[in-house]
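Engineer: This one is run_4.cif, mmCIF, C-alpha atoms, pLDDT in the B column; chains and numbers go by the auth columns.
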data_protein
#
loop_
_atom_site.group_PDB
_atom_site.id
_atom_site.type_symbol
_atom_site.label_atom_id
_atom_site.label_comp_id
_atom_site.label_asym_id
_atom_site.label_seq_id
_atom_site.Cartn_x
_atom_site.Cartn_y
_atom_site.Cartn_z
_atom_site.B_iso_or_equiv
_atom_site.auth_seq_id
_atom_site.auth_asym_id
ATOM 1 C CA MET A 1 7.543 -6.737 -12.785 96.00 267 W
ATOM 2 C CA ASN A 2 9.545 -8.170 -9.903 97.00 268 W
ATOM 3 C CA LYS A 3 11.373 -5.546 -7.905 97.00 269 W
ATOM 4 C CA ARG A 4 14.792 -6.477 -6.534 97.00 270 W
ATOM 5 C CA ILE A 5 14.666 -7.005 -2.766 97.00 271 W
ATOM 6 C CA ASP A 6 17.597 -7.295 -0.353 98.00 272 W
ATOM 7 C CA ILE A 7 16.918 -7.685 3.384 98.00 273 W
ATOM 8 C CA THR A 8 20.593 -7.756 4.409 97.00 274 W
ATOM 9 C CA ASN A 9 20.287 -4.796 6.799 97.00 275 W
ATOM 10 C CA VAL A 10 16.561 -4.990 7.544 98.00 276 W
ATOM 11 C CA VAL A 11 15.144 -5.796 10.969 98.00 277 W
ATOM 12 C CA LEU A 12 11.405 -5.466 11.571 98.00 278 W
ATOM 13 C CA THR A 13 9.845 -5.707 15.004 98.00 279 W
ATOM 14 C CA THR A 14 6.294 -6.349 16.128 97.00 280 W
ATOM 15 C CA ASP A 15 4.838 -6.743 19.606 97.00 281 W
ATOM 16 C CA ARG A 16 6.032 -10.356 19.811 98.00 282 W
ATOM 17 C CA LEU A 17 8.416 -10.947 16.910 98.00 283 W
ATOM 18 C CA THR A 18 11.678 -9.852 15.387 98.00 284 W
ATOM 19 C CA LEU A 19 11.951 -10.398 11.634 98.00 285 W
ATOM 20 C CA ARG A 20 15.585 -10.423 10.591 98.00 286 W
ATOM 21 C CA PRO A 21 18.023 -12.002 8.142 98.00 287 W
ATOM 22 C CA TRP A 22 18.951 -15.618 8.855 98.00 288 W
ATOM 23 C CA ARG A 23 22.232 -16.527 10.582 98.00 289 W
ATOM 24 C CA GLU A 24 24.201 -19.757 10.547 98.00 290 W
ATOM 25 C CA SER A 25 23.556 -19.986 14.289 98.00 291 W
ATOM 26 C CA ASP A 26 19.814 -20.469 13.516 98.00 292 W
ATOM 27 C CA LEU A 27 20.429 -23.956 12.121 98.00 293 W
ATOM 28 C CA ILE A 28 19.100 -26.019 15.050 98.00 294 W
ATOM 29 C CA ASP A 29 15.965 -23.871 15.461 98.00 295 W
ATOM 30 C CA PHE A 30 15.352 -24.144 11.705 97.00 296 W
ATOM 31 C CA TYR A 31 15.755 -27.918 11.650 97.00 297 W
ATOM 32 C CA GLU A 32 13.553 -28.244 14.736 97.00 298 W
ATOM 33 C CA TYR A 33 10.469 -26.839 12.999 96.00 299 W
ATOM 34 C CA ALA A 34 11.305 -27.801 9.386 95.00 300 W
ATOM 35 C CA SER A 35 11.623 -31.492 10.301 95.00 301 W
ATOM 36 C CA VAL A 36 8.101 -31.742 11.749 93.00 302 W
ATOM 37 C CA ASP A 37 5.558 -33.591 9.625 90.00 303 W
ATOM 38 C CA GLY A 38 2.760 -31.330 8.401 84.00 304 W
ATOM 39 C CA VAL A 39 4.727 -28.066 8.377 85.00 305 W
ATOM 40 C CA GLY A 40 6.544 -28.054 5.043 79.00 306 W
ATOM 41 C CA GLN A 41 3.814 -29.873 3.160 78.00 307 W
ATOM 42 C CA MET A 42 1.567 -26.836 3.610 79.00 308 W
ATOM 43 C CA ALA A 43 4.130 -24.869 1.564 78.00 309 W
ATOM 44 C CA GLY A 44 5.019 -27.556 -0.974 78.00 310 W
ATOM 45 C CA TRP A 45 8.103 -29.218 0.544 81.00 311 W
ATOM 46 C CA ASN A 46 8.771 -32.348 2.582 85.00 312 W
ATOM 47 C CA PRO A 47 9.980 -32.313 6.184 90.00 313 W
ATOM 48 C CA HIS A 48 13.748 -32.021 6.432 94.00 314 W
ATOM 49 C CA ARG A 49 15.318 -35.472 6.893 94.00 315 W
ATOM 50 C CA ASN A 50 18.428 -34.301 8.724 96.00 316 W
ATOM 51 C CA VAL A 51 20.354 -31.254 9.903 97.00 317 W
ATOM 52 C CA GLU A 52 22.510 -31.325 6.754 97.00 318 W
ATOM 53 C CA GLU A 53 19.443 -30.753 4.565 95.00 319 W
ATOM 54 C CA SER A 54 18.438 -27.798 6.741 96.00 320 W
ATOM 55 C CA LYS A 55 21.988 -26.451 6.527 98.00 321 W
ATOM 56 C CA VAL A 56 21.889 -26.419 2.705 97.00 322 W
ATOM 57 C CA ILE A 57 18.557 -24.576 2.677 95.00 323 W
ATOM 58 C CA LEU A 58 19.698 -22.176 5.410 97.00 324 W
ATOM 59 C CA SER A 59 22.699 -21.289 3.221 97.00 325 W
ATOM 60 C CA ARG A 60 20.272 -20.464 0.383 96.00 326 W
ATOM 61 C CA PHE A 61 18.234 -18.254 2.713 97.00 327 W
ATOM 62 C CA ILE A 62 21.351 -16.383 3.826 97.00 328 W
ATOM 63 C CA GLY A 63 22.774 -16.051 0.306 97.00 329 W
ATOM 64 C CA GLY A 64 19.459 -15.137 -1.315 97.00 330 W
ATOM 65 C CA LYS A 65 18.902 -12.161 1.008 98.00 331 W
ATOM 66 C CA HIS A 66 15.114 -12.252 0.684 98.00 332 W
ATOM 67 C CA VAL A 67 13.887 -14.563 3.490 98.00 333 W
ATOM 68 C CA PHE A 68 13.268 -13.308 7.020 98.00 334 W
ATOM 69 C CA ALA A 69 13.790 -15.478 10.094 98.00 335 W
ATOM 70 C CA LEU A 70 10.891 -15.060 12.536 98.00 336 W
ATOM 71 C CA GLU A 71 12.304 -14.830 16.040 98.00 337 W
ATOM 72 C CA HIS A 72 10.089 -15.156 19.111 98.00 338 W
ATOM 73 C CA ASN A 73 11.621 -14.892 22.603 97.00 339 W
ATOM 74 C CA GLY A 74 15.102 -15.559 21.211 97.00 340 W
ATOM 75 C CA LYS A 75 14.097 -18.641 19.168 98.00 341 W
ATOM 76 C CA VAL A 76 13.561 -18.838 15.396 98.00 342 W
ATOM 77 C CA ILE A 77 10.073 -20.269 14.835 98.00 343 W
ATOM 78 C CA GLY A 78 9.440 -19.664 11.145 97.00 344 W
ATOM 79 C CA SER A 79 10.321 -17.874 7.955 97.00 345 W
ATOM 80 C CA LEU A 80 8.796 -15.316 5.630 98.00 346 W
ATOM 81 C CA GLY A 81 10.161 -15.114 2.105 97.00 347 W
ATOM 82 C CA ILE A 82 9.795 -12.304 -0.393 98.00 348 W
ATOM 83 C CA GLU A 83 9.835 -14.323 -3.586 96.00 349 W
ATOM 84 C CA GLU A 84 9.643 -13.484 -7.270 96.00 350 W
ATOM 85 C CA TYR A 85 6.127 -13.955 -8.588 95.00 351 W
ATOM 86 C CA SER A 86 5.478 -15.561 -11.982 92.00 352 W
ATOM 87 C CA GLU A 87 5.443 -12.630 -14.397 95.00 353 W
ATOM 88 C CA GLU A 88 4.193 -15.048 -17.060 92.00 354 W
ATOM 89 C CA ASN A 89 1.016 -15.682 -15.021 91.00 355 W
ATOM 90 C CA TYR A 90 0.404 -11.949 -14.492 93.00 356 W
ATOM 91 C CA PRO A 91 1.167 -10.017 -17.710 94.00 357 W
ATOM 92 C CA GLU A 92 -1.380 -7.381 -16.671 93.00 358 W
ATOM 93 C CA LEU A 93 1.013 -6.372 -13.858 94.00 359 W
ATOM 94 C CA ASP A 94 4.017 -5.682 -16.134 94.00 360 W
ATOM 95 C CA ALA A 95 3.844 -1.909 -15.599 94.00 361 W
ATOM 96 C CA LEU A 96 3.847 -2.288 -11.802 95.00 362 W
ATOM 97 C CA GLN A 97 6.485 -3.408 -9.300 97.00 363 W
ATOM 98 C CA GLY A 98 5.680 -6.241 -6.938 97.00 364 W
ATOM 99 C CA ARG A 99 6.684 -9.483 -5.263 98.00 365 W
ATOM 100 C CA GLU A 100 5.113 -12.597 -3.821 97.00 366 W
ATOM 101 C CA ILE A 101 5.369 -13.615 -0.172 98.00 367 W
ATOM 102 C CA GLY A 102 5.380 -17.071 1.358 95.00 368 W
ATOM 103 C CA TYR A 103 5.623 -18.132 4.962 96.00 369 W
ATOM 104 C CA VAL A 104 6.049 -21.099 7.276 96.00 370 W
ATOM 105 C CA LEU A 105 5.535 -21.287 11.031 96.00 371 W
ATOM 106 C CA SER A 106 6.528 -23.923 13.572 96.00 372 W
ATOM 107 C CA LYS A 107 3.562 -26.147 14.384 95.00 373 W
ATOM 108 C CA ALA A 108 4.093 -25.388 18.084 96.00 374 W
ATOM 109 C CA TYR A 109 3.079 -21.751 17.426 97.00 375 W
ATOM 110 C CA TRP A 110 0.052 -22.222 15.173 94.00 376 W
ATOM 111 C CA GLY A 111 -3.160 -20.470 16.228 94.00 377 W
ATOM 112 C CA GLN A 112 -1.513 -17.689 18.251 96.00 378 W
ATOM 113 C CA GLY A 113 -1.829 -14.874 15.704 96.00 379 W
ATOM 114 C CA LEU A 114 1.923 -14.669 15.135 97.00 380 W
ATOM 115 C CA MET A 115 1.905 -15.110 11.375 97.00 381 W
ATOM 116 C CA PRO A 116 -0.626 -12.324 10.660 97.00 382 W
ATOM 117 C CA GLU A 117 1.543 -10.110 12.887 97.00 383 W
ATOM 118 C CA ALA A 118 4.631 -10.960 10.812 98.00 384 W
ATOM 119 C CA VAL A 119 2.854 -10.630 7.458 98.00 385 W
ATOM 120 C CA LYS A 120 1.458 -7.205 8.365 97.00 386 W
ATOM 121 C CA ALA A 121 4.949 -5.978 9.310 98.00 387 W
ATOM 122 C CA VAL A 122 6.341 -7.163 5.969 98.00 388 W
ATOM 123 C CA ILE A 123 3.409 -5.660 4.055 97.00 389 W
ATOM 124 C CA ASN A 124 4.053 -2.307 5.713 96.00 390 W
ATOM 125 C CA TRP A 125 7.764 -2.484 4.892 97.00 391 W
ATOM 126 C CA LEU A 126 7.237 -3.597 1.281 97.00 392 W
ATOM 127 C CA LEU A 127 4.545 -1.035 0.458 96.00 393 W
ATOM 128 C CA ASN A 128 5.904 1.939 2.374 94.00 394 W
ATOM 129 C CA LYS A 129 9.698 1.529 2.407 96.00 395 W
ATOM 130 C CA GLU A 130 10.287 -0.527 -0.732 97.00 396 W
ATOM 131 C CA LYS A 131 7.458 1.261 -2.586 96.00 397 W
ATOM 132 C CA LEU A 132 5.950 -1.881 -4.134 97.00 398 W
ATOM 133 C CA ASP A 133 2.735 -1.444 -6.071 96.00 399 W
ATOM 134 C CA PHE A 134 1.402 -4.868 -5.088 97.00 400 W
ATOM 135 C CA ILE A 135 2.088 -8.084 -3.183 98.00 401 W
ATOM 136 C CA ILE A 136 0.854 -11.524 -4.205 97.00 402 W
ATOM 137 C CA VAL A 137 0.338 -14.477 -1.850 97.00 403 W
ATOM 138 C CA GLY A 138 -1.185 -17.913 -2.257 95.00 404 W
ATOM 139 C CA HIS A 139 -2.171 -21.041 -0.364 94.00 405 W
ATOM 140 C CA PHE A 140 -3.099 -24.606 -1.232 89.00 406 W
ATOM 141 C CA ASP A 141 -6.850 -25.123 -1.102 89.00 407 W
ATOM 142 C CA ARG A 142 -6.440 -27.480 1.897 85.00 408 W
ATOM 143 C CA ASN A 143 -4.396 -24.961 3.907 89.00 409 W
ATOM 144 C CA ILE A 144 -7.129 -23.213 5.881 90.00 410 W
ATOM 145 C CA GLN A 145 -4.680 -21.673 8.396 92.00 411 W
ATOM 146 C CA SER A 146 -2.847 -19.829 5.638 93.00 412 W
ATOM 147 C CA LYS A 147 -6.140 -18.719 4.112 95.00 413 W
ATOM 148 C CA ARG A 148 -7.081 -17.100 7.435 95.00 414 W
ATOM 149 C CA VAL A 149 -3.752 -15.251 7.604 96.00 415 W
ATOM 150 C CA ILE A 150 -4.267 -13.941 4.068 96.00 416 W
ATOM 151 C CA GLU A 151 -7.811 -12.760 4.801 94.00 417 W
ATOM 152 C CA LYS A 152 -6.764 -11.070 8.074 95.00 418 W
ATOM 153 C CA CYS A 153 -4.094 -9.153 6.174 96.00 419 W
ATOM 154 C CA GLY A 154 -6.468 -7.673 3.585 95.00 420 W
ATOM 155 C CA PHE A 155 -5.547 -9.558 0.415 97.00 421 W
ATOM 156 C CA ARG A 156 -8.162 -10.038 -2.347 96.00 422 W
ATOM 157 C CA TYR A 157 -8.661 -13.245 -4.343 96.00 423 W
ATOM 158 C CA ILE A 158 -7.483 -13.061 -7.959 95.00 424 W
ATOM 159 C CA LYS A 159 -7.260 -16.585 -9.361 94.00 425 W
ATOM 160 C CA THR A 160 -6.502 -20.246 -8.843 94.00 426 W
ATOM 161 C CA THR A 161 -3.414 -21.724 -10.513 88.00 427 W
ATOM 162 C CA LYS A 162 -1.587 -25.053 -10.466 85.00 428 W
ATOM 163 C CA PHE A 163 1.538 -25.444 -8.324 78.00 429 W
ATOM 164 C CA GLU A 164 4.025 -28.300 -8.600 79.00 430 W
ATOM 165 C CA THR A 165 5.335 -29.224 -5.150 69.00 431 W
ATOM 166 C CA ARG A 166 8.814 -30.453 -4.337 67.00 432 W
ATOM 167 C CA TYR A 167 7.298 -33.843 -3.511 67.00 433 W
ATOM 168 C CA ASP A 168 5.976 -34.314 -7.065 75.00 434 W
ATOM 169 C CA THR A 169 2.320 -33.491 -6.651 76.00 435 W
ATOM 170 C CA GLU A 170 0.236 -30.767 -8.205 84.00 436 W
ATOM 171 C CA GLU A 171 -1.830 -28.559 -5.909 82.00 437 W
ATOM 172 C CA ASN A 172 -4.374 -25.841 -6.501 87.00 438 W
ATOM 173 C CA SER A 173 -2.824 -22.553 -5.436 90.00 439 W
ATOM 174 C CA ILE A 174 -5.475 -20.019 -4.424 94.00 440 W
ATOM 175 C CA GLU A 175 -3.857 -16.658 -5.167 96.00 441 W
ATOM 176 C CA TYR A 176 -4.522 -13.216 -3.747 97.00 442 W
ATOM 177 C CA ILE A 177 -3.219 -9.695 -4.271 97.00 443 W
ATOM 178 C CA LEU A 178 -2.846 -6.585 -2.146 96.00 444 W
ATOM 179 C CA TYR A 179 -2.280 -3.276 -3.913 95.00 445 W
ATOM 180 C CA HIS A 180 -0.604 -0.241 -2.428 92.00 446 W
ATOM 181 C CA PRO A 181 -3.569 1.946 -1.392 85.00 447 W
ATOM 182 C CA GLU A 182 -2.277 4.960 -3.345 79.00 448 W
ATOM 183 C CA ARG A 183 -1.477 3.085 -6.551 66.00 449 W
ATOM 184 C CA ARG A 184 -3.864 2.387 -9.379 54.00 450 W
ATOM 185 C CA GLU A 185 -5.540 -1.012 -9.016 52.00 451 W
ATOM 186 C CA ILE A 186 -5.553 -3.229 -12.082 44.00 452 W
ATOM 187 C CA ARG A 187 -8.221 -5.913 -12.266 42.00 453 W
ATOM 188 C CA CYS A 188 -6.882 -9.419 -12.843 34.00 454 W
#
Go ahead and render the structure in this file as structure tokens.

Structural biologist:
Amino acid sequence: MNKRIDITNVVLTTDRLTLRPWRESDLIDFYEYASVDGVGQMAGWNPHRNVEESKVILSRFIGGKHVFALEHNGKVIGSLGIEEYSEENYPELDALQGREIGYVLSKAYWGQGLMPEAVKAVINWLLNKEKLDFIIVGHFDRNIQSKRVIEKCGFRYIKTTKFETRYDTEENSIEYILYHPERREIRC
């Protein structure tokens, strides 16, 4: 079952990043990376066409209270969302509490190990502070960078599902799970 998550007062820090709630003042940084071709498509959405589109989505991030801004040296360079997973796809997890994560990073920062750093901080927070039993994550089969992040963070493959993107295509979503080490593992 999906546990309710609210990051309103949560700030996580790593060696190089601050993960924090989004602010309206992040708009230009957000548009800067979200408008670049090749970034959003890896997560199922098209590049932002204009600042107004980014502003609408930024308002959802702020209001939803479940998406971290990834700040590096005072600049927002990505996001990490704690989303609801599809309970319908995972009935065997009904007795446990969990969530799904998803992330996007500015193309200018790919290959520097920043996303595994951010994901590990969120894993630690979700499992130890929020007391989740499990976390799910997925990637499109063509997204090798995301696959590497997932593997570095200790997730285990569970299944492949279909995902309908916001640009009207269907992708294979390779899905993984990470259980809290002290909780009973259920085989999917």

Engineer: Can you spell out as a list in words the set of residues that the PyMOL selection byres ((chain W and resi 331) around 12) selects in the structure I just provided?

Structural biologist: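 For this structure, the PyMOL selection byres ((chain W and resi 331) around 12) resolves to Arg270, Ile271, Asp272, Ile273, Thr274, Asn275, Val276, Arg286, Pro287, Trp288, Arg289, Leu324, Ser325, Arg326, Phe327, Ile328, Gly329, Gly330, His332, Val333, Phe334, Ala335, Leu346, Gly347, Ile348 and Glu349 of chain W.
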
Engineer: Out of W:Arg414, W:Met308, W:Glu430, W:Pro313, which residue has the shortest atom-to-atom distance to Tyr369 in chain W when counting only C-alpha atoms?

Structural biologist: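 Of the candidates, the smallest distance to Tyr369 in chain W is held by W:Met308.
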
Engineer: Find the spatial neighbours of Leu362 in chain W, counting all atoms listed in the file, within a cut-off of 6 Å - ignore same-chain residues fewer than 2 positions away - and output them as JSON, numbers by chain.

Structural biologist: {"W": [267, 359, 360, 399]}

Engineer: Using all atoms listed in the file, find the one residue out of W:Thr426, W:Thr435, W:Asn316, W:Thr280 that sits nearest to Asn339 in chain W.

Structural biologist: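 Closest to Asn339 in chain W, using all atoms listed in the file: W:Thr280.
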
Engineer: Out of W:Ile424, W:Ile410, W:Ile416, W:Phe400, which residue has the shortest atom-to-atom distance to Glu448 in chain W when counting all atoms listed in the file?

Structural biologist: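 That would be W:Phe400, the residue with the smallest distance to Glu448 in chain W.
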
Engineer: Residues near Gly379 in chain W, anyone? I mean within 10 Å using all atoms listed in the file, not counting same-chain ones fewer than 6 positions away, as an NGL selection string.

Structural biologist: :W and (282 or 415 or 418)

Engineer: Work out how far CA of Trp376 in chain W is from CA of Ser301 in chain W, in Å to one decimal.

Structural biologist: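 Separation between CA of Ser301 in chain W and CA of Trp376 in chain W: 15.6 Å.
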
Engineer: Just write range 268-288 of chain W with N, CA and C atoms, as a PDB file, in the first residue's frame, taken from the block above.

Structural biologist:
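Result written to out-v4.pdb:
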ATOM      1  N   ASN W 268       0.408   2.281  -0.659  1.00  0.00           N
ATOM      2  CA  ASN W 268       1.154   3.538  -0.716  1.00  0.00           C
ATOM      3  C   ASN W 268       1.053   4.283   0.614  1.00  0.00           C
ATOM      4  N   LYS W 269       2.204   4.608   1.158  1.00  0.00           N
ATOM      5  CA  LYS W 269       2.229   5.412   2.375  1.00  0.00           C
ATOM      6  C   LYS W 269       2.191   6.890   1.989  1.00  0.00           C
ATOM      7  N   ARG W 270       1.483   7.681   2.755  1.00  0.00           N
ATOM      8  CA  ARG W 270       1.441   9.126   2.516  1.00  0.00           C
ATOM      9  C   ARG W 270       2.811   9.732   2.817  1.00  0.00           C
ATOM     10  N   ILE W 271       3.282  10.568   1.917  1.00  0.00           N
ATOM     11  CA  ILE W 271       4.588  11.219   2.065  1.00  0.00           C
ATOM     12  C   ILE W 271       4.403  12.724   1.902  1.00  0.00           C
ATOM     13  N   ASP W 272       5.049  13.491   2.779  1.00  0.00           N
ATOM     14  CA  ASP W 272       5.019  14.948   2.701  1.00  0.00           C
ATOM     15  C   ASP W 272       6.432  15.446   3.012  1.00  0.00           C
ATOM     16  N   ILE W 273       7.064  16.084   2.032  1.00  0.00           N
ATOM     17  CA  ILE W 273       8.452  16.548   2.219  1.00  0.00           C
ATOM     18  C   ILE W 273       8.529  18.028   2.597  1.00  0.00           C
ATOM     19  N   THR W 274       7.419  18.614   2.992  1.00  0.00           N
ATOM     20  CA  THR W 274       7.359  20.056   3.250  1.00  0.00           C
ATOM     21  C   THR W 274       8.528  20.562   4.095  1.00  0.00           C
ATOM     22  N   ASN W 275       8.877  19.887   5.149  1.00  0.00           N
ATOM     23  CA  ASN W 275       9.938  20.356   6.047  1.00  0.00           C
ATOM     24  C   ASN W 275      11.184  19.477   6.005  1.00  0.00           C
ATOM     25  N   VAL W 276      11.387  18.783   4.896  1.00  0.00           N
ATOM     26  CA  VAL W 276      12.503  17.842   4.791  1.00  0.00           C
ATOM     27  C   VAL W 276      13.606  18.437   3.921  1.00  0.00           C
ATOM     28  N   VAL W 277      14.818  18.415   4.447  1.00  0.00           N
ATOM     29  CA  VAL W 277      16.006  18.791   3.689  1.00  0.00           C
ATOM     30  C   VAL W 277      17.039  17.692   3.925  1.00  0.00           C
ATOM     31  N   LEU W 278      17.513  17.093   2.849  1.00  0.00           N
ATOM     32  CA  LEU W 278      18.532  16.054   2.927  1.00  0.00           C
ATOM     33  C   LEU W 278      19.808  16.596   2.298  1.00  0.00           C
ATOM     34  N   THR W 279      20.939  16.294   2.893  1.00  0.00           N
ATOM     35  CA  THR W 279      22.197  16.747   2.322  1.00  0.00           C
ATOM     36  C   THR W 279      23.120  15.565   2.088  1.00  0.00           C
ATOM     37  N   THR W 280      23.886  15.669   1.011  1.00  0.00           N
ATOM     38  CA  THR W 280      24.923  14.695   0.698  1.00  0.00           C
ATOM     39  C   THR W 280      26.224  15.488   0.566  1.00  0.00           C
ATOM     40  N   ASP W 281      27.278  14.831   0.148  1.00  0.00           N
ATOM     41  CA  ASP W 281      28.550  15.536  -0.021  1.00  0.00           C
ATOM     42  C   ASP W 281      28.442  16.697  -1.010  1.00  0.00           C
ATOM     43  N   ARG W 282      27.633  16.514  -2.063  1.00  0.00           N
ATOM     44  CA  ARG W 282      27.583  17.530  -3.122  1.00  0.00           C
ATOM     45  C   ARG W 282      26.196  18.119  -3.384  1.00  0.00           C
ATOM     46  N   LEU W 283      25.177  17.592  -2.745  1.00  0.00           N
ATOM     47  CA  LEU W 283      23.812  17.997  -3.059  1.00  0.00           C
ATOM     48  C   LEU W 283      23.003  18.379  -1.833  1.00  0.00           C
ATOM     49  N   THR W 284      22.022  19.230  -2.065  1.00  0.00           N
ATOM     50  CA  THR W 284      20.967  19.484  -1.096  1.00  0.00           C
ATOM     51  C   THR W 284      19.667  19.083  -1.773  1.00  0.00           C
ATOM     52  N   LEU W 285      18.914  18.199  -1.137  1.00  0.00           N
ATOM     53  CA  LEU W 285      17.603  17.792  -1.628  1.00  0.00           C
ATOM     54  C   LEU W 285      16.588  18.490  -0.744  1.00  0.00           C
ATOM     55  N   ARG W 286      15.722  19.275  -1.369  1.00  0.00           N
ATOM     56  CA  ARG W 286      14.806  20.126  -0.616  1.00  0.00           C
ATOM     57  C   ARG W 286      13.519  20.312  -1.401  1.00  0.00           C
ATOM     58  N   PRO W 287      12.474  20.820  -0.733  1.00  0.00           N
ATOM     59  CA  PRO W 287      11.246  21.139  -1.471  1.00  0.00           C
ATOM     60  C   PRO W 287      11.517  22.230  -2.520  1.00  0.00           C
ATOM     61  N   TRP W 288      10.747  22.185  -3.582  1.00  0.00           N
ATOM     62  CA  TRP W 288      10.844  23.198  -4.640  1.00  0.00           C
ATOM     63  C   TRP W 288      10.330  24.546  -4.149  1.00  0.00           C
TER      64      TRP W 288
END
